[in-house]
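Working notes for the structure below.
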Amino acid sequence: MEEIKDKLELLRGRIPRAILFAIFCAFMIALPALIGKSWLNITVEMLIMALAACSLNLMLGYTGMVSFGPAGLYAVGAYTTGILLAKLGTGIVPAMIAAPIMAAIVGWGVGWICVRRTQVYFALLTLAFAQIIWTIIFEWYPVTGGDDGLVSIPTPDFFFSITNSYYFCLVLVASCIYAIWRIVNSPFGGTLQAIRENPGRVEFIGVNVKRYQLAAFVLSSLFLGVAGSLYCVFSGSAFPDYAHWTKSTDMLVICLLGGIYNFSGPIVGTAVYTILIKTISKHTMQWNLILGVIVVLLVLLMRNGVVGFLSQKLSRHR
Amino acid sequence: MLLQVKELWKSFGGLIAVCDVNLQVNSDEIVSIIGPNGAGKSTLFNLITGHISLDKGAVFFKDRNITSMPPHEISSLGIGRSFQKINIFPRLTSFQNVQVALFSATGLSRSLFSKAKLLLSEKVQDILESVGLADQARTLGGLLAHGDQKRLEIGIALALNPELLLLDEPTQGMSAAETAQTTELIYRLSKSRGIGLAFVEHDMKVVFSISDKIYVMHQGAMIFCGKPEEVRCNEEVQRVYLGKEKDSAAKS
Amino acid sequence: MNTVQGISGEPTRLPCETDSEVNPMTLEAALGQMLSGISLGMVWFLIAAGLSIIFGTLKVLNLAHGSIYMLGGFLCYHITSTLSPTPGVFWIALIVAPLLTATVGGFVEVLLLRRIYGQDMIYQYILTFGLILIIGEVCKLVWGVGYNTVAAPWPFQDAVSLFGLAFPRYNLFLIGMGILVFVGLRALIGATGLGGIIRAVTHNREVASALGINVPVVYTGVFMLGCWLAGLAGALMPPMSVVALGADLSVIIDCFIIVVIGGLGSLPGAFLGAIILGLTTAFGLYIIPKLAVAFGFILMIIVLIIRPWGLMGEPD
């Protein structure tokens, strides 16, 4: 009887959320008819960044691992696709499949070393690796184009239409985010959260913590690779900056802005961040300054991000 | 014999934390370990469960040498443990706290695609009930009262279906009523499930009410072991405790 | 003028006046490189020392430390160019700039950092990253995007002939300053009462507090000391190089490498690490310029794996 009551409660909580979600989906599907091309462009960028942020948050918010290296794996994805398309002339499908695989392999190697250590040492290790990846991209001119990057990457005609690109991204990003959703709500995801809460304790419920942290690292890298690959195809280019540690901090800020302890946090964070940057940079050249101030205020006043803040307010009203 | 600790030695730098300690726990026994602060009791537990490496000696669980095993392997063998400092998962609910331990025990931790929310919920509820937290299943661990957190710790340890429970100060910080409740709880758990129990305690009422055997530690060494009545009458034990009280009175 | 893009991204003047084809490393060239590397290392030591002390005592990894250094450089340029005809203007800047950066540090610690002690590290990183953005943009607003130069002060203006090479006297002065500051810091922390207080707080915050030490004030003081050191480095660097934006990001990476190699929290470690990185960079640039940048990171990774507390740090 209790179980039935519980299930009914769950459904009741779910219905308004399900309706909201359905509206959101309808909105996203109808978007190209609603907004202009430049906004559609921006939306595609947001979708890709949202995927990258969700991938990072798998490590950050769910497993408690602060990494300065997500941009490195993102760039590996982008350059894998870019090199395959531009230098080796492969088709779009293998180029895009190879990217997450490559990113996962690199992530596995890098992650294996990084999880040997924790906390600040882990963060510094990820930073070192990200910079090494950056250096390799920057210096390996014949393969990566070095400082010039890869430009005018041949992509199928399909992508000339922004509407096509949008739907392609939407489907791919939505599938990946759904996959991440399933992962964090699985027993594996629950174990990751326990590791975030108290890694020492988790050792003592029979879990090999390092193995799970490595798994989180690899999964995160895989999806980052997809995001990088998508961006390469969408923008037709790849640059060393994709791997720079400041891009990693952008991703960290986005996650924090939305809220690292909520699944939708990185997605909301991407939207807020993009809107902020677009509006601020219209009015002033000093958007870095304003962003810095926002970031500082965020850490001091709204640590759980926008979503965290809102859900606290909402639960108080219930 | 469930747990056997033989001639255990551990020193940190120049400080000897545990010296030549021997200990035995049988599967139907409740054993307590007492001693003044700094006697090495928690260190002893940490050595047994593999959290720190020992210098000399061996630890046997069910006749199997577990001396150099890592903690996650030792706990899979059937040893559950609670900690002196509260060691739960604060941002997970009580339900989730126990559930994640059950995932590990049932090998489900690796499952990437099943939905975790209601998985194993009957077993989780059972455990929460047995530690008296059934009505707090949805409360976040970090928001529980201290006594409840301590009991949640025991719940987490139970999820692994242990044959041996090591509890480090299970009634620390509890009120008299909570202490009595918890004491009764661990006694019942041990006797009804046939779990061997070894616990570290400072509260002598608890120690003397449920222990089958008491070990007394002082400055890293096991100075006495015996039944409660024997311990009560032992002069050296009294001296150690009374002497320590005089010392700490002098310092403060 | 022989300038090469160094690991910091800023042009560094190498003292070699060799024939320009690639020649095998002669002894003189090697020694020249070594001195060059060490003088660069000395500046890095000052920054890294500040970072290390801050981490050791406050347990905060200050990402904005490079920004403070850059600010020190801009302040030095500002003072020297504003007060220009006055003699000894550089020495005035050398004294004032670090004091100003220390003050900035004081405000940052009291108003901002204090609120995030004891919280998850992510907040520290993001907060100090926000400071990088703010300080960087303020520098850009005030001093613009160009390169600014500061002339070396008398009596260090020309070059000395060492091992058959012309070596800037100023670089020798830098080496001297580095050693002087190192010795001074060691004396301060090792031998004075104040140093004892800092050590006590570093070792165990709760115990120090129980002994009556005003820990928040010590924290502020240590942070200010760290920023003073970064500002000093910033003021010392311009005559050897240029003052420009972007130094904040590049130098902080070098500092991380140094403090990891030397040991987070260890002062002699920072000294040793700085020398190692300085030498590695100088020789690396000479031998394989393309990959020289990666050497530092590889060293950092090796140390983090084998001995994470660094060459001279202590395991927790």
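All residue names refer to the structure tokens as shown: chains lettered A, B, ... in order, residues numbered from 1 in each chain, ligands numbered from 1 in order.
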Show me, as a list of chain:residue names, the residues that have an atom within 10 Å of Phe159 in chain A when counting only C-alpha atoms, minus same-chain residues fewer than 2 positions from it.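 Non-adjacent residues within range: A:Thr155, A:Pro156, A:Asp157, A:Ser161, A:Ile162, A:Thr163, A:Asn164, A:Ser165, A:Tyr166, A:Phe168, A:Val233, A:Phe234, A:Ser235, A:Gly236.
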Next, the residues of the selection above should be written as a short mmCIF file (atom, residue, chain, number, x, y, z; two decimals), in the first residue's frame with N, CA and C atoms.
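Contents of again04.cif, as written:
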data_model
loop_
_atom_site.label_atom_id
_atom_site.label_comp_id
_atom_site.auth_asym_id
_atom_site.auth_seq_id
_atom_site.Cartn_x
_atom_site.Cartn_y
_atom_site.Cartn_z
N THR A 155 32.65 19.80 -45.41
CA THR A 155 31.56 19.07 -44.78
C THR A 155 30.47 18.85 -45.83
N PRO A 156 29.68 17.83 -45.65
CA PRO A 156 28.62 17.54 -46.64
C PRO A 156 27.70 18.74 -46.87
N ASP A 157 27.15 18.82 -48.06
CA ASP A 157 26.27 19.93 -48.40
C ASP A 157 25.08 20.05 -47.48
N SER A 161 22.65 24.30 -44.98
CA SER A 161 21.45 24.91 -44.45
C SER A 161 21.52 24.94 -42.94
N ILE A 162 21.31 26.10 -42.39
CA ILE A 162 21.43 26.23 -40.94
C ILE A 162 20.33 25.43 -40.25
N THR A 163 19.18 25.34 -40.92
CA THR A 163 18.09 24.57 -40.32
C THR A 163 18.48 23.10 -40.21
N ASN A 164 19.10 22.58 -41.27
CA ASN A 164 19.57 21.19 -41.22
C ASN A 164 20.57 20.98 -40.09
N SER A 165 21.53 21.91 -40.04
CA SER A 165 22.55 21.79 -39.00
C SER A 165 21.90 21.80 -37.62
N TYR A 166 20.93 22.68 -37.48
CA TYR A 166 20.26 22.80 -36.19
C TYR A 166 19.61 21.48 -35.79
N PHE A 168 20.20 18.51 -36.87
CA PHE A 168 21.22 17.49 -36.67
C PHE A 168 21.80 17.61 -35.26
N VAL A 233 32.34 20.31 -37.17
CA VAL A 233 31.50 20.18 -38.37
C VAL A 233 30.67 21.44 -38.57
N PHE A 234 30.14 21.94 -37.49
CA PHE A 234 29.26 23.10 -37.58
C PHE A 234 30.01 24.35 -38.02
N SER A 235 31.21 24.57 -37.44
CA SER A 235 31.91 25.80 -37.77
C SER A 235 32.88 25.61 -38.93
N GLY A 236 33.12 24.36 -39.30
CA GLY A 236 34.02 24.10 -40.41
C GLY A 236 35.46 24.38 -40.08
#
task = Do me a favour and pick out the residues of chain A within 9 Å of chain C, using only C-alpha atoms, as a ChimeraX atom specification.
result = /A:60,66,113-114,116-117,119-122,124-125,127-129,131-132,135-136,139,246,249,252-253,256,286-300,303
Please, which residues in chain A fall within 7 Å of chain B when counting only C-alpha atoms, and what is the closest atom pair and distance in Å to one decimal for each, ordered by chain then residue number, as a Markdown table?
| residue | atom | partner | partner_atom | distance |
| --- | --- | --- | --- | --- |
| A:Arg182 | CA | B:Phe113 | CA | 5.7 |
| A:Ile183 | CA | B:Leu112 | CA | 5.2 |
| A:Asn185 | CA | B:Ala116 | CA | 5.7 |
| A:Ser186 | CA | B:Ala116 | CA | 4.6 |
| A:Pro187 | CA | B:Ala116 | CA | 5.0 |
| A:Phe188 | CA | B:Ser109 | CA | 4.8 |
| A:Gly190 | CA | B:Val100 | CA | 6.3 |
| A:Thr191 | CA | B:Val100 | CA | 5.9 |
| A:Ala194 | CA | B:Phe89 | CA | 6.1 |
| A:Glu197 | CA | B:Phe89 | CA | 5.1 |
| A:Asn198 | CA | B:Phe89 | CA | 6.0 |
| A:Arg201 | CA | B:Asn87 | CA | 6.4 |
| A:Glu203 | CA | B:His72 | CA | 4.8 |
| A:Phe204 | CA | B:His72 | CA | 5.3 |
| A:Ile205 | CA | B:Ala101 | CA | 5.6 |
| A:Gly206 | CA | B:His72 | CA | 3.9 |
| A:Val207 | CA | B:His72 | CA | 5.3 |
| A:Asn208 | CA | B:His72 | CA | 5.8 |
Fill in: Spatial neighbours of Val183 in chain C, 12 Å, only C-alpha atoms, chain gap at least 5 places, as a list in words
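In the requested format, the answer is Leu46, Gly176, Met177, Gly178, Leu188, Ile189, Gly190, Ala191, Leu267, Pro268 and Phe271 of chain C.
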Would you mind exporting the chosen residues as a compact mmCIF listing (two decimals), in the first residue's frame, restricted to C-alpha atoms?
# COMPACT_ATOMS: atom_id res chain seq x y z
CA LEU C 46 59.43 35.37 -6.31
CA GLY C 176 71.14 38.69 -6.54
CA MET C 177 67.68 39.92 -5.64
CA GLY C 178 66.27 36.44 -5.85
CA LEU C 188 61.57 35.70 8.48
CA ILE C 189 59.74 32.42 8.56
CA GLY C 190 62.37 30.33 10.24
CA ALA C 191 63.83 32.61 12.78
CA LEU C 267 59.94 27.92 0.19
CA PRO C 268 63.23 26.21 -0.64
CA PHE C 271 63.55 28.24 -5.15
Show me, as an NGL selection string, the residues that have an atom within 6 Å of Ala238 in chain A when counting only C-alpha atoms, minus same-chain residues fewer than 4 positions from it. :A and (149-150 or 232)
field: Contacts of range 169-186 of chain B at 8 Å (only C-alpha atoms; same-chain gap of 6+ positions) as a PyMOL selection string
entry: chain B and resi 82-84+130-131+146-147+150-151+199-203+206+210
TODO: May I have the residues within 10 Å of Lys247 in chain A as number ranges by chain, using only C-alpha atoms and disregarding those fewer than 4 positions away in the same chain?
DONE: A: 68-72, 74, 241-243, 251-253
Computed gap from CA of Glu163 in chain B to CA of Ile34 in chain B is 21.9 Å
Pairwise distance, CA of Ile95 in chain C with CA of Val259 in chain C, equals 25.6 Å
Notebook entry, point to check: What is the distance between CA of Val242 in chain C and CA of Leu180 in chain C, in Å to one decimal?
Noted result: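 Here the two named atoms are 23.5 Å from each other.
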- Message: Applying 10 Å and only C-alpha atoms, which residues near Val21 in chain B remain after dropping the ones on its own chain fewer than 4 positions away? List them as a PyMOL selection string.
- Response: chain B and resi 5-10+44+57+217+220-223
Resulting file, chosen residues, C-alpha atoms, as a PDB file, in the first residue's frame:
ATOM      1  CA  VAL B   5      44.644 -10.070  14.948  1.00  0.00           C
ATOM      2  CA  LYS B   6      48.170 -11.270  15.655  1.00  0.00           C
ATOM      3  CA  GLU B   7      51.016  -9.219  17.031  1.00  0.00           C
ATOM      4  CA  LEU B   8      50.106  -6.033  15.293  1.00  0.00           C
ATOM      5  CA  TRP B   9      52.618  -3.193  15.270  1.00  0.00           C
ATOM      6  CA  LYS B  10      52.295   0.282  13.836  1.00  0.00           C
ATOM      7  CA  LEU B  44      43.719  -0.534  15.401  1.00  0.00           C
ATOM      8  CA  GLY B  57      51.801  -8.668  12.319  1.00  0.00           C
ATOM      9  CA  MET B 217      44.228  -0.721  25.478  1.00  0.00           C
ATOM     10  CA  GLY B 220      49.118   1.244  21.970  1.00  0.00           C
ATOM     11  CA  ALA B 221      49.296  -1.988  23.897  1.00  0.00           C
ATOM     12  CA  MET B 222      46.637  -4.449  24.964  1.00  0.00           C
ATOM     13  CA  ILE B 223      47.004  -4.484  28.706  1.00  0.00           C
TER      14      ILE B 223
END
